[in-house]
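S.K.: This is the structure, below, for whatever I ask next.
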Protein chains: 2
Amino acid sequence: MTARALETTHDQRRDQMLVAAAELIAQRGFSETRIADVAERVGASPALVIYYFGTKDSLLTGALRYSEDTFYSAADEMLGSAASLRERLEILVSLTCIPQREDEVPGSWGLWFDLWTQAFRHPEVARDRIELDQRWRDTIARVVKDGIEAGEIEPFDAEGFAVTFSALLDGLTIQVALRDPVVDPERAFTIAMTFAARELGLEWQPSNDRKKIQNRSKNGQDR
Amino acid sequence: MTARALETTHDQRRDQMLVAAAELIAQRGFSETRIADVAERVGASPALVIYYFGTKDSLLTGALRYSEDTFYSAADEMLGSAASLRERLEILVSLTCIPQREDEVPGSWGLWFDLWTQAFRHPEVARDRIELDQRWRDTIARVVKDGIEAGEIEPFDAEGFAVTFSALLDGLTIQVALRDPVVDPERAFTIAMTFAARELGLEWQPSNDRKKIQNRSKNGQDR
DNA sequence: GCATCCTGACTGACTGTTCAGTCTATAGAG
DNA sequence: CTCTATAGACTGAACAGTCAGTCAGGATGC
């Protein structure tokens, strides 16, 4: 029991540090994040951070993992509360294309860039990312399959769709995150939904209920 | 004339350093690139690099710019030598999805990730990237318009297509660059071409002449 | 008294940038 | 044609700051 309790606080501390690291990475970038910053953020000494993670790299890549992981978990949870295929697609798209609240952490766009950059040159990170992306494609495919089983659309190659759709979403995310004037969030949303609708043989029109989705995605992201 | 000659060697030195920096960034990453490395690569002292660029950051962002710029120039040039819309599309797609030779520099995938990461947090870089991306979309739109004018396809919203298509290409590039086992280069190529063909009302079948395109893109990239 | 959590003080390595001054070549003066 | 002044390219050496990681030991709970 004691060991249990200790382990709990131990894990809590760990998570605190991971969250703090993720926030800092999102703000300043991977290579600009110092362990002293993380330590300050959790009210501890730099030495303690090393005590928990051994090396800086272990902390930062852990933070990347942790953050993306909670993003996907949040996505899964949100999807559970949606009724129709159309709603579920809108959730998927708004999660990737619509800005979240500034102060929110996990899945923040900056982290994607840093994750990709790290994954490109570090095999362990690359492995994690591949796994994460497979999970994302599985989520998309699941949504489509559910739609098929519910009779909302005709049978369809859900996995193939997931590959293409996730690539399109990634590309749109980049434009939105980098504030490209040509691809604002609304346009990105419309492009993605139009593509999905046409591909799946679903009816979809851009409408002003986008805001509703946006708000819901925010709340879903709230801790 | 004398001043000219001097200025020429000056610019040559500058370009040398930019190329060296781009190569190193592609290999090691932006933040892992030291000015001492760049200096060594051009056979000069670190002080000289500073003498030319003032600061490390100025050198590295300059290298990013320079590299992407030559990538787009190479793309424009290659497109000029293609006869049909189908060929031109295949060039666009292979440039983004098919691995280039290892030792080749400009446009190397690692640089994209670093460019995005930097652009996310540094407004000047972000401005450059937006400009670069617009140029890419213009190139795509130009290819489509040429196809329309040549009567190869029906009139079509070329700019709208360019926005969606460039996002899809970016997304596929990520998967390929990060060696996702699900999205190998060939599959990425097929996905992109299938999308373009369907969207534009063009006939296209995956065939084994992809290798031809791949080789051409290599040669086109050669300095 | 043992294990775990935690810290302050320290260090060793790294690295961007500065600076004083060298070397080369050209331009202009005599 | 020679001598010298000037400018630009270039460097070695040192500086100054930064930071990840170490270490010896203190507190706390059991």
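Simple scheme: letters A, B, ... for chains in structure tokens order, numbers from 1 for residues in each chain, numbers from 1 for ligands in the order shown.
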Which neighbours of Ile50 of chain B fall inside 12 Å, counting only C-alpha atoms (C1' of nucleotides), when residues of the same chain fewer than 3 positions from it are skipped, and could you give them as a PDB file with C-alpha atoms (C1' of nucleotides), in the first residue's frame?

M.R.:
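Below is the file that was written, out.pdb:
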```pdb
ATOM      1  CA  ARG B  14      28.283  32.741 -49.760  1.00  0.00           C
ATOM      2  CA  MET B  17      28.319  28.170 -47.309  1.00  0.00           C
ATOM      3  CA  ARG B  34      27.242  24.137 -35.869  1.00  0.00           C
ATOM      4  CA  ILE B  35      28.899  26.940 -37.679  1.00  0.00           C
ATOM      5  CA  ALA B  36      32.179  25.137 -37.105  1.00  0.00           C
ATOM      6  CA  VAL B  38      29.811  24.575 -42.013  1.00  0.00           C
ATOM      7  CA  ALA B  39      33.191  26.276 -41.856  1.00  0.00           C
ATOM      8  CA  ALA B  44      37.341  28.092 -43.778  1.00  0.00           C
ATOM      9  CA  SER B  45      37.377  29.282 -40.210  1.00  0.00           C
ATOM     10  CA  PRO B  46      34.203  29.696 -38.161  1.00  0.00           C
ATOM     11  CA  ALA B  47      35.003  33.370 -37.972  1.00  0.00           C
ATOM     12  CA  PHE B  53      26.364  36.008 -42.326  1.00  0.00           C
ATOM     13  CA  GLY B  54      26.623  37.930 -39.094  1.00  0.00           C
ATOM     14  CA  THR B  55      24.844  35.318 -37.031  1.00  0.00           C
ATOM     15  CA  LYS B  56      24.312  31.597 -37.053  1.00  0.00           C
ATOM     16  CA  ASP B  57      20.585  32.000 -37.410  1.00  0.00           C
ATOM     17  CA  SER B  58      20.936  34.183 -40.454  1.00  0.00           C
ATOM     18  CA  LEU B  59      23.070  31.510 -42.083  1.00  0.00           C
ATOM     19  CA  LEU B  60      20.737  28.639 -41.296  1.00  0.00           C
TER      20      LEU B  60
ATOM     21  C1'  DG C  16      28.547  31.535 -30.971  1.00  0.00           C
ATOM     22  C1'  DT C  17      30.772  35.596 -31.390  1.00  0.00           C
ATOM     23  C1'  DT C  18      34.558  39.109 -30.962  1.00  0.00           C
TER      24       DT C  18
ATOM     25  C1'  DC D  10      40.489  35.700 -43.794  1.00  0.00           C
TER      26       DC D  10
END
```

S.K.: If DSSP is run on the backbone, what residues of segment 137-175 of chain B are helix (DSSP H, G or I)? A reply as an MDAnalysis selection string would be ideal.

M.R.: chainID B and resid 137:149 158:175

S.K.: Could you take the residues named above and write them with C-alpha atoms, as a PDB file, in the first residue's frame?

M.R.:
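New file selection.pdb:
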```
ATOM      1  CA  ARG B 137       0.389  26.044 -55.702  1.00  0.00           C
ATOM      2  CA  ASP B 138       0.849  28.399 -58.642  1.00  0.00           C
ATOM      3  CA  THR B 139       2.971  25.771 -60.319  1.00  0.00           C
ATOM      4  CA  ILE B 140       0.274  23.158 -59.838  1.00  0.00           C
ATOM      5  CA  ALA B 141      -2.428  25.527 -61.041  1.00  0.00           C
ATOM      6  CA  ARG B 142      -0.324  26.435 -64.071  1.00  0.00           C
ATOM      7  CA  VAL B 143       0.018  22.783 -65.005  1.00  0.00           C
ATOM      8  CA  VAL B 144      -3.746  22.329 -64.800  1.00  0.00           C
ATOM      9  CA  LYS B 145      -4.471  25.473 -66.782  1.00  0.00           C
ATOM     10  CA  ASP B 146      -2.044  24.449 -69.474  1.00  0.00           C
ATOM     11  CA  GLY B 147      -3.866  21.154 -69.674  1.00  0.00           C
ATOM     12  CA  ILE B 148      -7.165  22.964 -70.047  1.00  0.00           C
ATOM     13  CA  GLU B 149      -5.857  25.302 -72.692  1.00  0.00           C
ATOM     14  CA  ALA B 158      -7.317  25.093 -61.054  1.00  0.00           C
ATOM     15  CA  GLU B 159      -6.557  27.173 -57.955  1.00  0.00           C
ATOM     16  CA  GLY B 160      -8.937  25.209 -55.774  1.00  0.00           C
ATOM     17  CA  PHE B 161      -7.455  21.978 -57.003  1.00  0.00           C
ATOM     18  CA  ALA B 162      -3.964  23.285 -56.282  1.00  0.00           C
ATOM     19  CA  VAL B 163      -4.811  23.982 -52.655  1.00  0.00           C
ATOM     20  CA  THR B 164      -6.186  20.516 -52.011  1.00  0.00           C
ATOM     21  CA  PHE B 165      -3.617  18.705 -54.084  1.00  0.00           C
ATOM     22  CA  SER B 166      -0.643  20.448 -52.503  1.00  0.00           C
ATOM     23  CA  ALA B 167      -1.991  19.571 -49.051  1.00  0.00           C
ATOM     24  CA  LEU B 168      -2.373  15.945 -50.073  1.00  0.00           C
ATOM     25  CA  LEU B 169       1.161  15.910 -51.463  1.00  0.00           C
ATOM     26  CA  ASP B 170       2.535  17.407 -48.251  1.00  0.00           C
ATOM     27  CA  GLY B 171       0.786  14.752 -46.215  1.00  0.00           C
ATOM     28  CA  LEU B 172       2.068  11.945 -48.404  1.00  0.00           C
ATOM     29  CA  THR B 173       5.558  13.401 -48.325  1.00  0.00           C
ATOM     30  CA  ILE B 174       5.543  13.160 -44.561  1.00  0.00           C
ATOM     31  CA  GLN B 175       4.629   9.498 -44.588  1.00  0.00           C
TER      32      GLN B 175
END
```

S.K.: What is the distance between atom CA of Ala63 of chain B and atom CA of Gly29 of chain A, in Å to one decimal?

M.R.: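 A separation of 19.6 Å between them.
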
S.K.: Quick one: residues within 12 Å of Ile25 of chain A, only C-alpha atoms (C1' of nucleotides), excluding same-chain residues fewer than 4 positions away - as a PyMOL selection string?

M.R.: (chain A and resi 17-21+29-35+37-38+59-64+67+105-115) or (chain B and resi 117+120-121)

S.K.: Tell me, as a PyMOL selection string, which residues lie within 10 Å of DA9 of chain D, counting only C-alpha atoms (C1' of nucleotides); anything in the same chain fewer than 5 positions away does not count.

M.R.: (chain B and resi 6+10+48+51) or (chain C and resi 23-24)

S.K.: Write the selection just made, keeping C-alpha atoms (C1' of nucleotides), as a PDB file, in the first residue's frame?

M.R.:
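The file below, selection.pdb, is the result:
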```
ATOM      1  CA  LEU B   6      35.612  40.287 -56.256  1.00  0.00           C
ATOM      2  CA  HIS B  10      32.202  36.823 -52.558  1.00  0.00           C
ATOM      3  CA  LEU B  48      34.663  33.672 -41.714  1.00  0.00           C
ATOM      4  CA  TYR B  51      31.973  37.435 -41.304  1.00  0.00           C
TER       5      TYR B  51
ATOM      6  C1'  DC C  23      47.821  38.354 -46.063  1.00  0.00           C
ATOM      7  C1'  DT C  24      46.791  39.498 -50.914  1.00  0.00           C
TER       8       DT C  24
END
```

S.K.: Using only C-alpha atoms (C1' of nucleotides), what table do you get, as CSV, when you list each residue of chain D with an atom no more than 12 Å from chain B, its nearest pair of atoms, and their distance in Å rounded to one decimal, rows by chain then rising number?

M.R.:
```
residue,atom,partner,partner_atom,distance
D:DA7,C1',B:Ala3,CA,11.0
D:DG8,C1',B:Leu6,CA,8.8
D:DA9,C1',B:Leu48,CA,8.5
D:DC10,C1',B:Leu48,CA,6.5
D:DT11,C1',B:Ser45,CA,6.5
D:DG12,C1',B:Ser45,CA,9.2
D:DA13,C1',B:Ala47,CA,11.3
```

S.K.: Let's have the selection written as an mmCIF file, in the first residue's frame, with N, CA and C atoms (P, O5', C5', C4', C3', O3' and C1' of nucleotides).

M.R.:
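part-v3.cif was written with the following content:
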```cif
data_model
loop_
_atom_site.group_PDB
_atom_site.id
_atom_site.type_symbol
_atom_site.label_atom_id
_atom_site.label_comp_id
_atom_site.auth_asym_id
_atom_site.auth_seq_id
_atom_site.Cartn_x
_atom_site.Cartn_y
_atom_site.Cartn_z
ATOM 1 P P DA D 7 40.105 52.309 -47.271
ATOM 2 O "O5'" DA D 7 39.588 50.973 -47.962
ATOM 3 C "C5'" DA D 7 39.596 50.854 -49.387
ATOM 4 C "C4'" DA D 7 39.230 49.430 -49.760
ATOM 5 C "C3'" DA D 7 38.234 48.785 -48.787
ATOM 6 O "O3'" DA D 7 37.335 47.974 -49.529
ATOM 7 C "C1'" DA D 7 40.223 47.521 -48.836
ATOM 8 P P DG D 8 35.986 47.449 -48.898
ATOM 9 O "O5'" DG D 8 36.143 45.896 -49.124
ATOM 10 C "C5'" DG D 8 36.623 45.415 -50.368
ATOM 11 C "C4'" DG D 8 37.193 44.034 -50.181
ATOM 12 C "C3'" DG D 8 36.307 43.133 -49.308
ATOM 13 O "O3'" DG D 8 36.092 41.913 -49.998
ATOM 14 C "C1'" DG D 8 38.534 43.155 -48.485
ATOM 15 P P DA D 9 35.165 40.793 -49.366
ATOM 16 O "O5'" DA D 9 36.294 39.738 -48.973
ATOM 17 C "C5'" DA D 9 37.158 39.263 -49.994
ATOM 18 C "C4'" DA D 9 38.150 38.282 -49.413
ATOM 19 C "C3'" DA D 9 37.514 37.146 -48.605
ATOM 20 O "O3'" DA D 9 38.139 35.925 -48.979
ATOM 21 C "C1'" DA D 9 39.096 38.320 -47.273
ATOM 22 P P DC D 10 37.542 34.596 -48.377
ATOM 23 O "O5'" DC D 10 38.362 34.477 -47.013
ATOM 24 C "C5'" DC D 10 39.799 34.413 -47.094
ATOM 25 C "C4'" DC D 10 40.397 34.492 -45.708
ATOM 26 C "C3'" DC D 10 39.765 33.590 -44.660
ATOM 27 O "O3'" DC D 10 40.527 32.393 -44.542
ATOM 28 C "C1'" DC D 10 40.489 35.700 -43.794
ATOM 29 P P DT D 11 40.083 31.276 -43.494
ATOM 30 O "O5'" DT D 11 40.956 31.671 -42.234
ATOM 31 C "C5'" DT D 11 42.358 31.891 -42.392
ATOM 32 C "C4'" DT D 11 42.974 32.189 -41.053
ATOM 33 C "C3'" DT D 11 42.515 31.263 -39.923
ATOM 34 O "O3'" DT D 11 43.667 30.770 -39.262
ATOM 35 C "C1'" DT D 11 42.262 33.533 -39.272
ATOM 36 P P DG D 12 43.607 29.419 -38.466
ATOM 37 O "O5'" DG D 12 44.269 29.901 -37.112
ATOM 38 C "C5'" DG D 12 45.358 30.824 -37.144
ATOM 39 C "C4'" DG D 12 45.645 31.310 -35.745
ATOM 40 C "C3'" DG D 12 45.418 30.282 -34.655
ATOM 41 O "O3'" DG D 12 46.410 30.477 -33.649
ATOM 42 C "C1'" DG D 12 43.858 32.091 -34.387
ATOM 43 P P DA D 13 46.436 29.607 -32.355
ATOM 44 O "O5'" DA D 13 45.812 30.620 -31.294
ATOM 45 C "C5'" DA D 13 46.090 32.016 -31.407
ATOM 46 C "C4'" DA D 13 45.305 32.758 -30.339
ATOM 47 C "C3'" DA D 13 44.983 31.898 -29.119
ATOM 48 O "O3'" DA D 13 45.160 32.698 -27.961
ATOM 49 C "C1'" DA D 13 42.986 32.741 -30.041
#
```

S.K.: Just the residues within 9 Å of Leu202 of chain A, please, counting only C-alpha atoms (C1' of nucleotides), with nothing from its chain fewer than 4 positions along; format it as number ranges by chain.

M.R.: A: 86, 152-153, 196-198

S.K.: I'd like to know which of C:DG30, C:DG8, C:DG1, C:DG21 is closest to chain A, using only C-alpha atoms (C1' of nucleotides).

M.R.: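 Among C:DG30, C:DG8, C:DG1, C:DG21, it is C:DG8 that comes nearest to chain A.
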
S.K.: Hey, what's within 8 Å of Ala75 of chain A if we count only C-alpha atoms (C1' of nucleotides) and toss same-chain stuff fewer than 4 positions away? As a PyMOL selection string, please?

M.R.: chain A and resi 71+79+92+95+220

S.K.: Could the residues in this selection be written to a file with N, CA and C atoms, as a PDB file, in the first residue's frame?

M.R.:
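The new file selection_14.pdb reads:
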```pdb
ATOM      1  N   PHE A  71      -3.709  13.054 -27.022  1.00  0.00           N
ATOM      2  CA  PHE A  71      -4.509  13.603 -28.124  1.00  0.00           C
ATOM      3  C   PHE A  71      -5.406  12.530 -28.723  1.00  0.00           C
ATOM      4  N   LEU A  79     -15.279  10.783 -30.086  1.00  0.00           N
ATOM      5  CA  LEU A  79     -16.012  10.067 -31.126  1.00  0.00           C
ATOM      6  C   LEU A  79     -17.136   9.239 -30.524  1.00  0.00           C
ATOM      7  N   LEU A  92     -13.339  14.504 -36.393  1.00  0.00           N
ATOM      8  CA  LEU A  92     -11.981  14.193 -36.852  1.00  0.00           C
ATOM      9  C   LEU A  92     -11.340  15.400 -37.521  1.00  0.00           C
ATOM     10  N   LEU A  95     -10.695  18.415 -35.181  1.00  0.00           N
ATOM     11  CA  LEU A  95      -9.568  18.166 -34.270  1.00  0.00           C
ATOM     12  C   LEU A  95      -8.237  18.502 -34.920  1.00  0.00           C
ATOM     13  N   GLY A 220     -13.762  18.912 -25.415  1.00  0.00           N
ATOM     14  CA  GLY A 220     -13.219  17.564 -25.388  1.00  0.00           C
ATOM     15  C   GLY A 220     -11.742  17.567 -25.040  1.00  0.00           C
TER      16      GLY A 220
END
```

S.K.: Which residue out of C:DA27, C:DC6, C:DA20, C:DC14 has the minimum interatomic distance to chain A when only C-alpha atoms (C1' of nucleotides) are used?

M.R.: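 The shortest atom-to-atom distance to chain A comes from C:DC6.
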